[in-house]
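A.B. asks: Contents of structure.csv (CSV, C-alpha atoms):
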```csv
chain,number,residue,atom,x,y,z
A,40,MET,CA,-69.5,190.5,88.4
A,41,SER,CA,-65.9,191.6,89.2
A,42,HIS,CA,-64.6,188.8,91.4
A,43,LEU,CA,-61.4,188.7,89.3
A,44,LYS,CA,-60.5,192.3,89.7
A,45,GLY,CA,-56.7,192.8,89.9
A,46,ARG,CA,-56.0,189.3,88.5
A,47,ARG,CA,-53.9,188.8,85.4
A,48,ALA,CA,-55.0,186.0,83.0
A,49,VAL,CA,-53.3,184.4,80.0
A,50,ILE,CA,-55.4,182.4,77.5
A,51,THR,CA,-53.7,180.6,74.6
A,52,GLY,CA,-55.8,180.1,71.5
A,53,GLY,CA,-57.8,183.1,72.6
A,54,GLY,CA,-58.7,184.4,69.1
A,55,SER,CA,-61.7,182.2,68.5
A,56,GLY,CA,-64.0,179.5,70.0
A,57,ILE,CA,-63.7,178.6,73.7
A,58,GLY,CA,-60.7,180.8,74.2
A,59,ALA,CA,-62.4,183.9,72.8
A,60,ASP,CA,-65.5,183.3,75.0
A,61,MET,CA,-63.2,182.9,78.0
A,62,ALA,CA,-61.3,186.0,77.2
A,63,LEU,CA,-64.4,188.2,77.1
A,64,ALA,CA,-66.0,186.6,80.2
A,65,PHE,CA,-62.8,186.9,82.3
A,66,ALA,CA,-62.3,190.5,81.2
A,67,GLU,CA,-65.9,191.3,82.2
A,68,ALA,CA,-65.2,189.6,85.5
A,69,GLY,CA,-62.5,192.2,86.1
A,70,ALA,CA,-59.3,190.4,85.0
A,71,GLU,CA,-56.6,191.8,82.9
A,72,VAL,CA,-56.5,189.3,80.0
A,73,THR,CA,-53.7,188.5,77.5
A,74,ILE,CA,-54.7,186.2,74.6
A,75,SER,CA,-52.2,184.5,72.4
A,76,GLY,CA,-52.2,182.5,69.2
A,77,ARG,CA,-50.4,182.2,65.9
A,78,ARG,CA,-52.6,184.5,63.8
A,79,ARG,CA,-52.5,188.2,64.6
A,80,GLU,CA,-55.8,189.2,62.9
A,81,PRO,CA,-58.3,187.2,65.0
A,82,LEU,CA,-56.4,188.1,68.2
A,83,GLU,CA,-56.5,191.8,67.4
A,84,ALA,CA,-60.1,191.6,66.5
A,85,MET,CA,-60.9,189.9,69.8
A,86,ALA,CA,-58.8,192.5,71.7
A,87,LYS,CA,-60.9,195.3,70.3
A,88,ARG,CA,-64.0,193.8,72.0
A,89,HIS,CA,-62.9,194.8,75.5
A,90,PRO,CA,-60.3,197.3,76.8
A,91,ALA,CA,-58.9,194.7,79.3
A,92,ILE,CA,-57.9,192.3,76.6
A,93,THR,CA,-54.5,192.5,74.9
A,94,ALA,CA,-53.1,190.3,72.1
A,95,GLU,CA,-49.7,188.6,71.8
A,96,VAL,CA,-48.7,186.5,68.9
A,97,ALA,CA,-47.0,183.2,70.1
A,98,ASP,CA,-47.0,179.6,69.0
A,99,VAL,CA,-47.6,177.2,71.8
A,100,THR,CA,-45.5,174.6,70.1
A,101,SER,CA,-42.4,176.9,70.3
A,102,GLU,CA,-40.5,176.8,73.5
A,103,ALA,CA,-38.8,180.1,72.6
A,104,ASP,CA,-42.2,181.7,72.0
A,105,MET,CA,-43.7,180.6,75.2
A,106,THR,CA,-40.7,181.4,77.3
A,107,ALA,CA,-40.6,184.9,75.8
A,108,LEU,CA,-44.3,185.4,76.2
A,109,PHE,CA,-44.3,184.8,80.0
A,110,GLU,CA,-41.1,186.7,80.5
A,111,ARG,CA,-42.8,189.8,78.8
A,112,LEU,CA,-45.8,189.4,81.0
A,113,GLY,CA,-44.2,188.8,84.3
A,114,GLU,CA,-46.3,187.7,87.2
A,115,VAL,CA,-49.7,186.2,86.4
A,116,ASP,CA,-52.6,184.7,88.3
A,117,ILE,CA,-54.5,182.5,85.8
A,118,VAL,CA,-53.1,180.5,82.9
A,119,ILE,CA,-55.4,178.7,80.6
A,120,ALA,CA,-53.8,176.3,78.1
A,121,ASN,CA,-56.6,176.3,75.5
A,122,ALA,CA,-54.9,176.2,72.1
A,123,GLY,CA,-55.6,173.0,70.2
A,124,ALA,CA,-56.3,171.4,66.8
A,125,ALA,CA,-58.0,168.3,65.5
A,126,GLU,CA,-57.4,166.1,62.4
A,127,SER,CA,-59.0,162.8,61.6
A,128,ALA,CA,-57.9,159.6,59.7
A,129,PRO,CA,-58.0,155.8,60.3
A,130,LEU,CA,-54.9,154.9,62.3
A,131,ALA,CA,-53.6,152.7,59.5
A,132,ARG,CA,-53.6,155.8,57.3
A,133,THR,CA,-52.3,158.2,59.9
A,134,GLU,CA,-48.9,159.6,58.8
A,135,LEU,CA,-46.2,160.2,61.4
A,136,GLU,CA,-46.3,163.9,60.5
A,137,GLN,CA,-50.0,164.1,61.4
A,138,TRP,CA,-49.4,162.2,64.7
A,139,GLN,CA,-46.6,164.6,65.6
A,140,ARG,CA,-48.7,167.7,64.7
A,141,MET,CA,-51.5,166.5,67.0
A,142,LEU,CA,-49.1,165.9,69.9
A,143,ASP,CA,-47.2,169.1,69.3
A,144,VAL,CA,-50.2,171.4,69.6
A,145,ASN,CA,-52.4,169.5,71.9
A,146,LEU,CA,-49.9,168.1,74.4
A,147,THR,CA,-46.5,169.7,74.0
A,148,GLY,CA,-48.2,173.1,73.7
A,149,VAL,CA,-50.1,172.5,77.0
A,150,PHE,CA,-46.8,171.3,78.7
A,151,LEU,CA,-45.0,174.5,77.6
A,152,THR,CA,-47.9,176.8,78.6
A,153,LEU,CA,-48.3,175.2,82.0
A,154,ARG,CA,-44.5,175.0,82.6
A,155,GLU,CA,-43.8,178.6,81.8
A,156,GLY,CA,-47.0,179.8,83.4
A,157,LEU,CA,-46.1,178.0,86.7
A,158,LYS,CA,-42.8,179.8,86.8
A,159,HIS,CA,-44.6,183.2,86.9
A,160,LEU,CA,-47.7,182.2,88.9
A,161,ARG,CA,-48.5,184.2,92.0
A,162,ASP,CA,-49.9,182.7,95.2
A,163,GLY,CA,-53.6,181.8,94.8
A,164,GLY,CA,-52.9,181.2,91.1
A,165,ARG,CA,-54.9,178.8,88.8
A,166,LEU,CA,-53.6,176.7,85.9
A,167,ILE,CA,-56.3,175.2,83.6
A,168,ALA,CA,-55.8,173.0,80.6
A,169,VAL,CA,-58.7,172.7,78.1
A,170,ALA,CA,-58.7,169.0,77.2
A,171,SER,CA,-61.7,167.1,75.9
A,172,THR,CA,-63.9,164.0,76.6
A,173,ALA,CA,-61.3,162.5,74.2
A,174,GLY,CA,-59.0,162.7,77.2
A,175,LEU,CA,-61.4,160.4,79.1
A,176,LYS,CA,-62.5,157.9,76.4
A,177,GLY,CA,-61.7,156.9,72.9
A,178,TYR,CA,-63.2,158.2,69.6
A,179,ALA,CA,-62.7,156.4,66.3
A,180,TYR,CA,-60.5,158.0,63.6
A,181,VAL,CA,-58.8,160.6,65.9
A,182,ALA,CA,-56.3,158.4,67.7
A,183,PRO,CA,-53.5,161.0,67.8
A,184,TYR,CA,-55.9,163.6,69.2
A,185,CYS,CA,-57.2,161.2,71.8
A,186,ALA,CA,-53.7,160.2,72.8
A,187,ALA,CA,-52.7,163.8,73.2
A,188,LYS,CA,-55.8,164.7,75.3
A,189,HIS,CA,-55.3,161.7,77.5
A,190,GLY,CA,-51.7,163.0,77.9
A,191,VAL,CA,-53.0,166.3,79.0
A,192,VAL,CA,-55.2,164.7,81.7
A,193,GLY,CA,-52.1,162.7,82.9
A,194,LEU,CA,-50.0,165.8,82.9
A,195,VAL,CA,-52.5,167.7,85.0
A,196,ARG,CA,-52.8,164.9,87.5
A,197,ALA,CA,-49.1,164.6,87.9
A,198,LEU,CA,-48.5,168.4,88.2
A,199,ALA,CA,-51.3,168.6,90.8
A,200,GLN,CA,-49.3,166.3,93.1
A,201,GLU,CA,-46.2,168.5,92.7
A,202,ILE,CA,-48.0,171.7,93.6
A,203,ALA,CA,-50.4,170.4,96.2
A,204,GLY,CA,-48.5,172.1,99.0
A,205,ARG,CA,-48.7,175.5,97.4
A,206,ASP,CA,-51.7,177.9,97.2
A,207,VAL,CA,-52.2,177.1,93.5
A,208,THR,CA,-54.2,174.5,91.6
A,209,VAL,CA,-54.2,172.9,88.2
A,210,ASN,CA,-57.2,171.2,86.6
A,211,ALA,CA,-58.4,170.0,83.2
A,212,LEU,CA,-61.7,170.9,81.5
A,213,CYS,CA,-63.0,168.1,79.3
A,214,PRO,CA,-65.8,169.4,77.0
A,215,GLY,CA,-67.8,167.1,74.7
A,216,PHE,CA,-68.4,168.2,71.2
A,217,THR,CA,-68.7,172.0,71.4
A,218,GLU,CA,-70.1,174.7,69.1
A,219,THR,CA,-66.8,176.2,67.9
A,220,PRO,CA,-64.9,176.8,64.6
A,221,LEU,CA,-63.0,173.6,65.3
A,222,LEU,CA,-66.3,171.6,65.3
A,223,GLU,CA,-67.2,173.3,62.0
A,224,ALA,CA,-64.0,172.1,60.6
A,225,SER,CA,-64.8,168.5,61.7
A,226,VAL,CA,-68.2,168.8,60.0
A,227,ALA,CA,-66.5,169.9,56.8
A,228,THR,CA,-64.2,166.9,57.0
A,229,ILE,CA,-67.0,164.4,57.6
A,230,VAL,CA,-68.9,165.9,54.6
A,231,ALA,CA,-65.8,165.7,52.4
A,232,LYS,CA,-65.0,162.1,53.3
A,233,THR,CA,-68.4,160.5,53.7
A,234,GLY,CA,-70.7,162.5,51.4
A,235,GLN,CA,-73.1,163.3,54.3
A,236,SER,CA,-74.8,166.6,54.4
A,237,PRO,CA,-73.6,169.2,56.9
A,238,LYS,CA,-76.9,168.7,58.8
A,239,GLN,CA,-76.2,164.9,59.0
A,240,ALA,CA,-72.6,165.4,60.0
A,241,ARG,CA,-73.6,167.8,62.8
A,242,ALA,CA,-76.3,165.5,64.0
A,243,HIS,CA,-73.8,162.6,64.2
A,244,LEU,CA,-71.4,164.8,66.4
A,245,GLN,CA,-74.3,165.9,68.6
A,246,SER,CA,-75.4,162.4,69.1
A,247,THR,CA,-72.1,161.5,70.8
A,248,ASN,CA,-72.9,163.9,73.7
A,249,PRO,CA,-75.2,162.2,76.2
A,250,THR,CA,-77.6,165.2,76.0
A,251,GLY,CA,-77.9,164.9,72.3
A,252,ARG,CA,-76.9,168.6,71.8
A,253,LEU,CA,-73.6,170.5,71.4
A,254,ILE,CA,-71.9,172.0,74.4
A,255,GLN,CA,-71.8,175.8,74.3
A,256,PRO,CA,-68.5,177.7,74.9
A,257,ALA,CA,-70.2,179.6,77.7
A,258,GLU,CA,-70.7,176.4,79.6
A,259,VAL,CA,-66.9,175.7,79.5
A,260,THR,CA,-66.2,179.3,80.4
A,261,ALA,CA,-68.5,179.1,83.4
A,262,THR,CA,-66.6,176.1,84.7
A,263,ALA,CA,-63.3,178.0,84.3
A,264,LEU,CA,-64.6,181.0,86.1
A,265,TRP,CA,-65.7,178.8,89.0
A,266,LEU,CA,-62.2,177.2,89.2
A,267,CYS,CA,-60.7,180.7,89.4
A,268,GLY,CA,-63.2,182.1,91.9
A,269,PRO,CA,-63.5,181.8,95.7
A,270,HIS,CA,-63.8,178.5,97.5
A,271,SER,CA,-62.2,176.4,94.7
A,272,GLY,CA,-58.8,175.9,96.3
A,273,ALA,CA,-59.5,172.3,97.1
A,274,ILE,CA,-60.2,171.4,93.5
A,275,ASN,CA,-56.9,170.2,92.2
A,276,GLY,CA,-55.8,167.6,89.6
A,277,GLN,CA,-59.3,167.0,88.3
A,278,ALA,CA,-60.5,166.2,84.8
A,279,ILE,CA,-63.9,167.8,84.8
A,280,SER,CA,-66.3,166.5,82.1
A,281,ILE,CA,-68.5,169.2,80.5
A,282,SER,CA,-70.6,166.9,78.4
A,283,GLY,CA,-73.9,166.2,80.1
A,284,GLY,CA,-73.0,162.8,81.3
A,285,GLU,CA,-69.6,161.4,80.2
A,286,ALA,CA,-67.6,159.9,83.1
```
When written as structure tokens, how does the structure in this file appear?
C.D. replies:
Amino acid sequence: MSHLKGRRAVITGGGSGIGADMALAFAEAGAEVTISGRRREPLEAMAKRHPAITAEVADVTSEADMTALFERLGEVDIVIANAGAAESAPLARTELEQWQRMLDVNLTGVFLTLREGLKHLRDGGRLIAVASTAGLKGYAYVAPYCAAKHGVVGLVRALAQEIAGRDVTVNALCPGFTETPLLEASVATIVAKTGQSPKQARAHLQSTNPTGRLIQPAEVTATALWLCGPHSGAINGQAISISGGEA
């Protein structure tokens, strides 16, 4: 499959998890892929897996970093704002610093990525934000994360109205609990705070998906590839649930 041949893609948070899966699949589909993140080692390890993948260190929460990244890259065709992080605590024990961290990486980072990407987007371009079912519903003990992901969905819907007259689109992907290092960190947190076993913690997270299983990164990637393929130009401003049943 090479339907993305000649297209230039940028994927934030591309060193692991969903971002890494996307990077490899987009490269195999013919795209020239730039992955970015804060840690050089996983980015460079990922770049070694395919000759069409290059790594750029950049922090999505830094306006200077994101502006410089896109200025170095020049014109692009696909921008995927994937970088994110999750922390948990009851709202009454959520510190302002934790609240701000979650908004910085999960919402402001998406804003900066999409804003700078849009400035360099060629006709026929695609903007994608990786949100979460937490952008469509509430989950206990992760209020800042939910607020940020709801903000991403709102941002995408607003931007879609602005660019509707252009030959470009913007959409949000909303996976349920997905088999990624971020999920493993959530499992470790549950184990540490509740005394559950890792197996019990994973089972609890799986049970929140209607299918009773974890979403696989490849399922999210396949949706992104579809949005960047032919006949997807009328899909704009959507928050697409990838969860097996969440509305």
A.B. asks: Using all atoms listed in the file, which residues of range 245-268 of chain A come within 8 Å of range 162-175 of chain A, and what is the closest atom pair for each, with the distance in Å to one decimal? Give it as a tab-separated table, sorted by chain and residue number.
C.D. replies:
```
residue	atom	partner	partner_atom	distance
A:Ala263	CA	A:Ile167	CA	7.6
A:Leu266	CA	A:Arg165	CA	7.5
A:Cys267	CA	A:Arg165	CA	6.1
```
A.B. asks: What's around Thr208 in chain A at 12 Å? Count only C-alpha atoms, leave out sequence neighbours fewer than 4 positions away in its own chain, and write the answer as an MDAnalysis selection string.
C.D. replies: chainID A and resid 116:119 153 157 160:168 195:204 266:268 270:277
A.B. asks: Step by step: start from the point (-46.8, 190.0, 79.6) in the file's coordinates, keep every protein, DNA or RNA residue that has an atom no farther than 10 Å from it, count all atoms listed in the file, and write the set as number ranges by chain.
C.D. replies: A: 47-49, 72-73, 93-95, 107-115
A.B. asks: Can you tell me how far CA of His189 in chain A sits from CA of Lys232 in chain A, in Å to one decimal?
C.D. replies: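 Answer for the CA of His189 in chain A to CA of Lys232 in chain A separation: 26.1 Å.
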A.B. asks: Need the shell around range 130-142 of chain A: protein/DNA/RNA residues with any atom at most 6 Å away, counting all atoms listed in the file. Skip same-chain ones fewer than 3 positions apart. Format as number ranges by chain?
C.D. replies: A: 145-146, 183-184, 187
